[in-house]
$ cat data-v2.tsv   # TSV, C-alpha atoms
chain	number	residue	atom	x	y	z
A	22	MET	CA	-65.48	35.12	34.55
A	23	THR	CA	-62.60	32.79	35.18
A	24	THR	CA	-59.24	34.13	35.99
A	25	THR	CA	-56.04	32.18	35.58
A	26	ALA	CA	-53.14	32.82	37.77
A	27	GLN	CA	-49.89	33.06	35.94
A	28	THR	CA	-47.30	30.54	36.98
A	29	PRO	CA	-43.82	31.86	37.22
A	30	ARG	CA	-41.50	30.78	34.44
A	31	THR	CA	-38.44	28.82	35.28
A	32	VAL	CA	-35.41	29.99	33.40
A	33	ILE	CA	-32.60	27.53	32.93
A	34	PRO	CA	-29.38	29.37	32.36
A	35	ALA	CA	-27.30	28.45	29.32
A	36	PRO	CA	-24.17	26.52	30.10
A	37	GLN	CA	-21.27	28.83	30.51
A	38	ARG	CA	-18.18	28.39	28.46
A	39	PRO	CA	-15.12	27.74	30.48
A	40	VAL	CA	-12.94	30.75	30.81
A	41	ARG	CA	-9.77	30.35	28.81
A	42	PRO	CA	-6.83	30.21	31.15
A	43	THR	CA	-4.34	32.96	30.75
A	44	THR	CA	-1.28	30.96	31.69
A	45	GLY	CA	1.27	30.32	28.99
A	46	GLU	CA	1.50	26.68	30.03
A	47	ASP	CA	-2.03	25.87	28.85
A	48	ASP	CA	-1.48	27.80	25.62
A	49	GLY	CA	1.48	25.57	24.94
A	50	ASP	CA	-0.67	22.51	25.55
A	51	ARG	CA	-3.26	23.87	23.12
A	52	ARG	CA	-0.61	24.63	20.50
A	53	HIS	CA	0.73	21.09	20.93
A	54	ALA	CA	-2.80	19.71	20.46
A	55	ASP	CA	-3.18	21.87	17.36
A	56	ARG	CA	0.08	20.49	16.03
A	57	GLY	CA	-1.20	16.98	16.66
A	58	ARG	CA	-4.37	17.84	14.77
A	59	ASP	CA	-2.21	19.17	11.89
A	60	LEU	CA	-0.22	15.92	11.91
A	61	ASN	CA	-3.46	13.95	11.74
A	62	HIS	CA	-4.42	15.91	8.63
A	63	LEU	CA	-0.96	15.21	7.24
A	64	ASP	CA	-1.42	11.51	7.97
A	65	LEU	CA	-4.73	11.60	6.10
A	66	ASP	CA	-3.05	13.31	3.16
A	67	LEU	CA	-0.28	10.71	3.15
A	68	GLU	CA	-2.88	7.96	3.39
A	69	ARG	CA	-4.72	9.44	0.42
A	70	ASP	CA	-1.43	9.68	-1.54
A	71	ARG	CA	-0.59	6.08	-0.71
A	72	ASP	CA	-4.03	4.92	-1.75
A	73	GLN	CA	-3.59	6.88	-4.96
A	74	GLY	CA	-0.29	5.04	-5.49
A	75	TRP	CA	-2.15	1.74	-5.10
A	76	ASP	CA	-4.82	2.89	-7.53
A	77	GLU	CA	-2.15	3.93	-10.03
A	78	LEU	CA	-0.40	0.57	-9.63
A	79	ILE	CA	-3.64	-1.31	-10.29
A	80	ALA	CA	-4.42	0.89	-13.30
A	81	ALA	CA	-0.94	0.23	-14.70
A	82	VAL	CA	-1.35	-3.54	-14.20
A	83	ARG	CA	-4.77	-3.39	-15.85
A	84	GLU	CA	-3.30	-1.62	-18.86
A	85	SER	CA	-0.21	-3.83	-19.03
A	86	GLY	CA	-2.18	-7.06	-18.78
A	87	GLN	CA	-5.22	-5.76	-20.67
A	88	TYR	CA	-7.52	-6.93	-17.89
A	89	PRO	CA	-11.21	-6.13	-18.42
A	90	THR	CA	-11.74	-4.68	-14.92
A	91	LEU	CA	-9.77	-3.05	-12.13
A	92	ALA	CA	-10.93	-5.87	-9.85
A	93	ASP	CA	-9.21	-8.42	-12.11
A	94	ALA	CA	-6.02	-6.36	-12.11
A	95	GLU	CA	-6.15	-5.99	-8.33
A	96	ARG	CA	-6.66	-9.72	-7.80
A	97	VAL	CA	-3.67	-10.54	-10.03
A	98	THR	CA	-1.51	-7.87	-8.38
A	99	ARG	CA	-2.24	-9.24	-4.90
A	100	VAL	CA	-1.43	-12.83	-5.92
A	101	VAL	CA	1.82	-11.93	-7.69
A	102	LEU	CA	3.08	-9.54	-5.00
A	103	SER	CA	2.32	-12.04	-2.25
A	104	ALA	CA	4.20	-14.74	-4.16
A	105	LEU	CA	7.14	-12.38	-4.73
A	106	GLY	CA	7.13	-11.47	-1.04
A	107	GLY	CA	8.20	-14.97	-0.20
A	108	HIS	CA	11.32	-14.75	-2.37
A	109	VAL	CA	12.90	-11.37	-1.74
A	110	THR	CA	14.84	-11.13	1.51
A	111	GLY	CA	17.16	-8.87	3.45
A	112	ASP	CA	17.80	-5.25	2.56
A	113	GLU	CA	16.14	-5.65	-0.84
A	114	ARG	CA	12.94	-6.83	0.83
A	115	VAL	CA	12.88	-3.75	3.05
A	116	ALA	CA	13.76	-1.39	0.19
A	117	LEU	CA	11.13	-2.92	-2.09
A	118	ALA	CA	8.44	-2.68	0.57
A	119	ARG	CA	9.33	0.99	1.10
A	120	ALA	CA	9.23	1.71	-2.63
A	121	LEU	CA	5.77	0.20	-3.10
A	122	PRO	CA	2.46	1.93	-2.30
A	123	ARG	CA	1.28	1.12	1.24
A	124	GLU	CA	-1.29	-1.50	0.22
A	125	ALA	CA	1.13	-3.22	-2.15
A	126	ALA	CA	3.85	-3.18	0.51
A	127	SER	CA	1.45	-4.76	2.97
A	128	VAL	CA	0.61	-7.59	0.55
A	129	PHE	CA	4.29	-8.09	-0.31
A	130	ALA	CA	5.66	-7.96	3.24
A	131	SER	CA	2.97	-10.17	4.76
A	132	GLN	CA	4.63	-13.27	3.32
A	133	ILE	CA	7.14	-15.34	5.23
A	134	PRO	CA	10.30	-15.79	3.17
A	135	ALA	CA	10.57	-19.16	1.45
A	136	THR	CA	13.03	-21.73	2.73
A	137	ARG	CA	14.47	-22.30	-0.74
A	138	PRO	CA	14.57	-20.16	-3.86
A	139	GLN	CA	12.19	-21.06	-6.67
A	140	SER	CA	13.14	-21.01	-10.31
A	141	ALA	CA	11.19	-18.57	-12.47
A	142	LYS	CA	9.14	-21.49	-13.82
A	143	GLU	CA	8.33	-22.71	-10.30
A	144	PHE	CA	7.38	-19.17	-9.33
A	145	VAL	CA	4.94	-18.94	-12.24
A	146	ASP	CA	3.54	-22.37	-11.35
A	147	THR	CA	3.02	-21.18	-7.76
A	148	VAL	CA	1.07	-18.17	-9.03
A	149	ALA	CA	-1.00	-20.53	-11.21
A	150	THR	CA	-1.96	-22.63	-8.17
A	151	ARG	CA	-2.96	-19.48	-6.24
A	152	THR	CA	-5.13	-18.14	-9.07
A	153	GLU	CA	-8.49	-19.73	-9.72
A	154	GLY	CA	-8.78	-21.07	-13.26
A	155	ALA	CA	-5.20	-20.17	-14.20
A	156	THR	CA	-2.97	-22.17	-16.50
A	157	PRO	CA	0.82	-21.86	-16.64
A	158	ALA	CA	0.42	-19.61	-19.71
A	159	THR	CA	-2.12	-17.28	-18.07
A	160	ALA	CA	-0.08	-17.24	-14.85
A	161	ARG	CA	3.01	-16.20	-16.81
A	162	TRP	CA	0.95	-13.41	-18.37
A	163	ASP	CA	-0.25	-12.33	-14.92
A	164	VAL	CA	3.25	-12.41	-13.43
A	165	SER	CA	4.73	-10.43	-16.31
A	166	SER	CA	1.87	-7.92	-16.17
A	167	VAL	CA	2.66	-7.13	-12.53
A	168	LEU	CA	6.43	-7.55	-12.38
A	169	GLY	CA	6.91	-5.82	-15.73
A	170	ILE	CA	5.69	-2.51	-14.32
A	171	LEU	CA	7.72	-2.67	-11.11
A	172	PRO	CA	10.98	-1.29	-12.61
A	173	ASN	CA	9.19	1.96	-13.49
A	174	LEU	CA	7.80	2.13	-9.97
A	175	ILE	CA	10.84	1.11	-7.91
A	176	GLY	CA	13.71	2.21	-10.16
A	177	ASP	CA	16.42	0.39	-12.05
A	178	ASP	CA	18.88	0.17	-9.16
A	179	LEU	CA	16.47	-1.62	-6.83
A	180	THR	CA	15.21	-3.80	-9.68
A	181	ASP	CA	18.80	-4.88	-10.38
A	182	ARG	CA	19.37	-5.65	-6.70
A	183	VAL	CA	16.18	-7.72	-6.51
A	184	LEU	CA	17.07	-9.61	-9.69
A	185	ASP	CA	20.58	-10.31	-8.38
A	186	GLN	CA	18.96	-12.01	-5.39
A	187	LEU	CA	16.58	-14.17	-7.46
A	188	PRO	CA	17.55	-17.21	-9.54
A	189	THR	CA	18.21	-16.90	-13.27
A	190	GLY	CA	15.09	-16.46	-15.38
A	191	TYR	CA	13.28	-13.80	-13.35
A	192	ALA	CA	14.62	-10.94	-15.48
A	193	LEU	CA	12.25	-11.87	-18.30
A	194	LEU	CA	9.33	-11.73	-15.87
A	195	PHE	CA	10.39	-8.18	-14.99
A	196	GLY	CA	10.42	-7.29	-18.70
A	197	ARG	CA	14.18	-7.37	-19.01
A	198	ALA	CA	16.51	-9.38	-21.17
A	199	GLU	CA	18.99	-11.53	-19.31
A	200	LEU	CA	22.00	-11.16	-21.56
A	201	VAL	CA	24.74	-12.32	-19.22
A	202	SER	CA	24.71	-15.27	-16.92
A	203	ARG	CA	24.75	-14.37	-13.27
A	204	THR	CA	26.39	-16.36	-10.56
A	205	ALA	CA	24.11	-17.12	-7.68
$ encode --input "data-v2.tsv" --output "structure tokens"
Amino acid sequence: MTTTAQTPRTVIPAPQRPVRPTTGEDDGDRRHADRGRDLNHLDLDLERDRDQGWDELIAAVRESGQYPTLADAERVTRVVLSALGGHVTGDERVALARALPREAASVFASQIPATRPQSAKEFVDTVATRTEGATPATARWDVSSVLGILPNLIGDDLTDRVLDQLPTGYALLFGRAELVSRTA
């Protein structure tokens, strides 16, 4: 008969949780950290809302321009907003960027302001050169599809201020009649 000697078992103790300090100072630090965590959740909610605003903008452009896909509407929106970003300056530029969804504001504000104002026709021609396969007619359609929905998004007051800054002819691109001549 063979006998086996039992080997003693080694027990590794579980890691102990740190004891929660009882000082009010650390509780305040923890509450501050919790507040920071709450703000992070708020930031995520705001980010989601802003992204939703971008999605709504693209959907509105798609409907306005009758584009077959959201990708087509997004491409057009990016081209037109970046072109517009070069022509709106000063307080109106800041106000317009704030009124747009985050992604749209980023596209718009990333442009360096132009050294000279472009006529509405020149603006449309610029969009045509930035859009693959575009003609002046399709570029005008694209510009009107994007700019025509902006007044509903940014409000009439800001639209008027932006139009006052741009040369004559832009009002039609924003879906408005230009009934009186403006002095620029």
$ atom_distance --input "data-v2.tsv" --atom1 "CA of Leu171 in chain A" --atom2 "CA of Thr147 in chain A"
19.4 Å
$ atom_distance --input "data-v2.tsv" --atom1 "CA of Ala104 in chain A" --atom2 "CA of Phe129 in chain A"
7.7 Å
$ residues_around --input "data-v2.tsv" --residues "Val128 in chain A" --least-positions-apart "3" --cutoff "9 Å" --atoms "only C-alpha atoms" --output "list in words"
Arg99, Val100, Leu102, Ser103, Gly106, Arg123, Glu124, Ala125, Ser131 and Gln132 of chain A
$ atom_distance --input "data-v2.tsv" --atom1 "CA of Ala94 in chain A" --atom2 "CA of His108 in chain A"
21.6 Å
$ closest_residue --input "data-v2.tsv" --among "A:Asp163, A:Asp112, A:Glu143, A:Glu153" --to "Gly86 in chain A" --atoms "all atoms listed in the file"
A:Asp163
$ closest_residue --input "data-v2.tsv" --among "A:Leu168, A:Ala160, A:Leu117, A:Ala198" --to "Val183 in chain A" --atoms "all atoms listed in the file"
A:Leu117
$ residues_around --input "data-v2.tsv" --residues "Ser85 in chain A" --least-positions-apart "6" --cutoff "10 Å" --atoms "all atoms listed in the file" --output "PyMOL selection string"
chain A and resi 79+94+162-163+165-167+169-170
$ closest_residue --input "data-v2.tsv" --among "A:Leu179, A:Ala141, A:Ala135, A:Leu78" --to "Leu91 in chain A" --atoms "all atoms listed in the file"
A:Leu78
$ decode --input "data-v2.tsv" --residues "range 73-98 of chain A" --atoms "N, CA, C and O atoms" --output "mmCIF file, in the first residue's frame"
data_model
loop_
_atom_site.group_PDB
_atom_site.id
_atom_site.type_symbol
_atom_site.label_atom_id
_atom_site.label_comp_id
_atom_site.auth_asym_id
_atom_site.auth_seq_id
_atom_site.Cartn_x
_atom_site.Cartn_y
_atom_site.Cartn_z
ATOM 1 N N GLN A 73 -27.205 65.036 -33.482
ATOM 2 C CA GLN A 73 -28.566 64.945 -33.980
ATOM 3 C C GLN A 73 -28.892 66.180 -34.807
ATOM 4 O O GLN A 73 -29.537 66.092 -35.840
ATOM 5 N N GLY A 74 -28.429 67.356 -34.370
ATOM 6 C CA GLY A 74 -28.630 68.581 -35.137
ATOM 7 C C GLY A 74 -27.990 68.489 -36.513
ATOM 8 O O GLY A 74 -28.559 68.933 -37.506
ATOM 9 N N TRP A 75 -26.808 67.891 -36.572
ATOM 10 C CA TRP A 75 -26.130 67.683 -37.858
ATOM 11 C C TRP A 75 -26.941 66.728 -38.717
ATOM 12 O O TRP A 75 -27.166 66.984 -39.901
ATOM 13 N N ASP A 76 -27.397 65.654 -38.125
ATOM 14 C CA ASP A 76 -28.210 64.678 -38.863
ATOM 15 C C ASP A 76 -29.491 65.311 -39.389
ATOM 16 O O ASP A 76 -29.901 65.053 -40.521
ATOM 17 N N GLU A 77 -30.110 66.152 -38.574
ATOM 18 C CA GLU A 77 -31.330 66.845 -39.008
ATOM 19 C C GLU A 77 -31.030 67.823 -40.137
ATOM 20 O O GLU A 77 -31.815 67.955 -41.076
ATOM 21 N N LEU A 78 -29.902 68.519 -40.048
ATOM 22 C CA LEU A 78 -29.495 69.436 -41.108
ATOM 23 C C LEU A 78 -29.304 68.680 -42.418
ATOM 24 O O LEU A 78 -29.803 69.091 -43.465
ATOM 25 N N ILE A 79 -28.608 67.571 -42.367
ATOM 26 C CA ILE A 79 -28.352 66.779 -43.569
ATOM 27 C C ILE A 79 -29.667 66.242 -44.135
ATOM 28 O O ILE A 79 -29.885 66.248 -45.352
ATOM 29 N N ALA A 80 -30.546 65.781 -43.272
ATOM 30 C CA ALA A 80 -31.853 65.279 -43.732
ATOM 31 C C ALA A 80 -32.649 66.397 -44.394
ATOM 32 O O ALA A 80 -33.300 66.173 -45.429
ATOM 33 N N ALA A 81 -32.594 67.605 -43.843
ATOM 34 C CA ALA A 81 -33.311 68.738 -44.436
ATOM 35 C C ALA A 81 -32.718 69.109 -45.792
ATOM 36 O O ALA A 81 -33.454 69.402 -46.746
ATOM 37 N N VAL A 82 -31.387 69.079 -45.904
ATOM 38 C CA VAL A 82 -30.743 69.364 -47.195
ATOM 39 C C VAL A 82 -31.108 68.282 -48.202
ATOM 40 O O VAL A 82 -31.406 68.581 -49.366
ATOM 41 N N ARG A 83 -31.118 67.039 -47.761
ATOM 42 C CA ARG A 83 -31.487 65.940 -48.668
ATOM 43 C C ARG A 83 -32.893 66.146 -49.217
ATOM 44 O O ARG A 83 -33.135 65.996 -50.412
ATOM 45 N N GLU A 84 -33.807 66.513 -48.325
ATOM 46 C CA GLU A 84 -35.195 66.727 -48.761
ATOM 47 C C GLU A 84 -35.297 67.954 -49.660
ATOM 48 O O GLU A 84 -35.935 67.909 -50.703
ATOM 49 N N SER A 85 -34.658 69.041 -49.269
ATOM 50 C CA SER A 85 -34.711 70.280 -50.038
ATOM 51 C C SER A 85 -34.142 70.094 -51.441
ATOM 52 O O SER A 85 -34.724 70.554 -52.419
ATOM 53 N N GLY A 86 -33.005 69.430 -51.526
ATOM 54 C CA GLY A 86 -32.341 69.247 -52.811
ATOM 55 C C GLY A 86 -32.717 67.970 -53.528
ATOM 56 O O GLY A 86 -32.239 67.714 -54.629
ATOM 57 N N GLN A 87 -33.555 67.164 -52.881
ATOM 58 C CA GLN A 87 -33.993 65.873 -53.442
ATOM 59 C C GLN A 87 -32.803 64.998 -53.836
ATOM 60 O O GLN A 87 -32.778 64.396 -54.908
ATOM 61 N N TYR A 88 -31.818 64.945 -52.930
ATOM 62 C CA TYR A 88 -30.639 64.115 -53.174
ATOM 63 C C TYR A 88 -30.982 62.657 -52.902
ATOM 64 O O TYR A 88 -31.739 62.353 -51.981
ATOM 65 N N PRO A 89 -30.430 61.740 -53.693
ATOM 66 C CA PRO A 89 -30.786 60.324 -53.529
ATOM 67 C C PRO A 89 -30.296 59.701 -52.217
ATOM 68 O O PRO A 89 -30.930 58.784 -51.715
ATOM 69 N N THR A 90 -29.179 60.222 -51.655
ATOM 70 C CA THR A 90 -28.652 59.623 -50.435
ATOM 71 C C THR A 90 -28.264 60.716 -49.438
ATOM 72 O O THR A 90 -28.040 61.872 -49.819
ATOM 73 N N LEU A 91 -28.160 60.315 -48.185
ATOM 74 C CA LEU A 91 -27.676 61.231 -47.155
ATOM 75 C C LEU A 91 -26.223 61.617 -47.412
ATOM 76 O O LEU A 91 -25.809 62.734 -47.131
ATOM 77 N N ALA A 92 -25.456 60.694 -47.961
ATOM 78 C CA ALA A 92 -24.049 60.983 -48.266
ATOM 79 C C ALA A 92 -23.934 62.104 -49.299
ATOM 80 O O ALA A 92 -23.064 62.982 -49.173
ATOM 81 N N ASP A 93 -24.807 62.103 -50.295
ATOM 82 C CA ASP A 93 -24.807 63.191 -51.288
ATOM 83 C C ASP A 93 -25.151 64.521 -50.627
ATOM 84 O O ASP A 93 -24.506 65.542 -50.884
ATOM 85 N N ALA A 94 -26.159 64.500 -49.769
ATOM 86 C CA ALA A 94 -26.568 65.722 -49.068
ATOM 87 C C ALA A 94 -25.461 66.215 -48.149
ATOM 88 O O ALA A 94 -25.208 67.425 -48.056
ATOM 89 N N GLU A 95 -24.772 65.303 -47.486
ATOM 90 C CA GLU A 95 -23.684 65.699 -46.593
ATOM 91 C C GLU A 95 -22.531 66.303 -47.377
ATOM 92 O O GLU A 95 -21.966 67.325 -46.987
ATOM 93 N N ARG A 96 -22.194 65.709 -48.493
ATOM 94 C CA ARG A 96 -21.100 66.227 -49.330
ATOM 95 C C ARG A 96 -21.413 67.653 -49.778
ATOM 96 O O ARG A 96 -20.583 68.556 -49.650
ATOM 97 N N VAL A 97 -22.621 67.870 -50.253
ATOM 98 C CA VAL A 97 -23.038 69.194 -50.720
ATOM 99 C C VAL A 97 -23.026 70.193 -49.563
ATOM 100 O O VAL A 97 -22.561 71.327 -49.703
ATOM 101 N N THR A 98 -23.536 69.776 -48.419
ATOM 102 C CA THR A 98 -23.596 70.661 -47.253
ATOM 103 C C THR A 98 -22.199 71.097 -46.845
ATOM 104 O O THR A 98 -21.959 72.282 -46.561
#
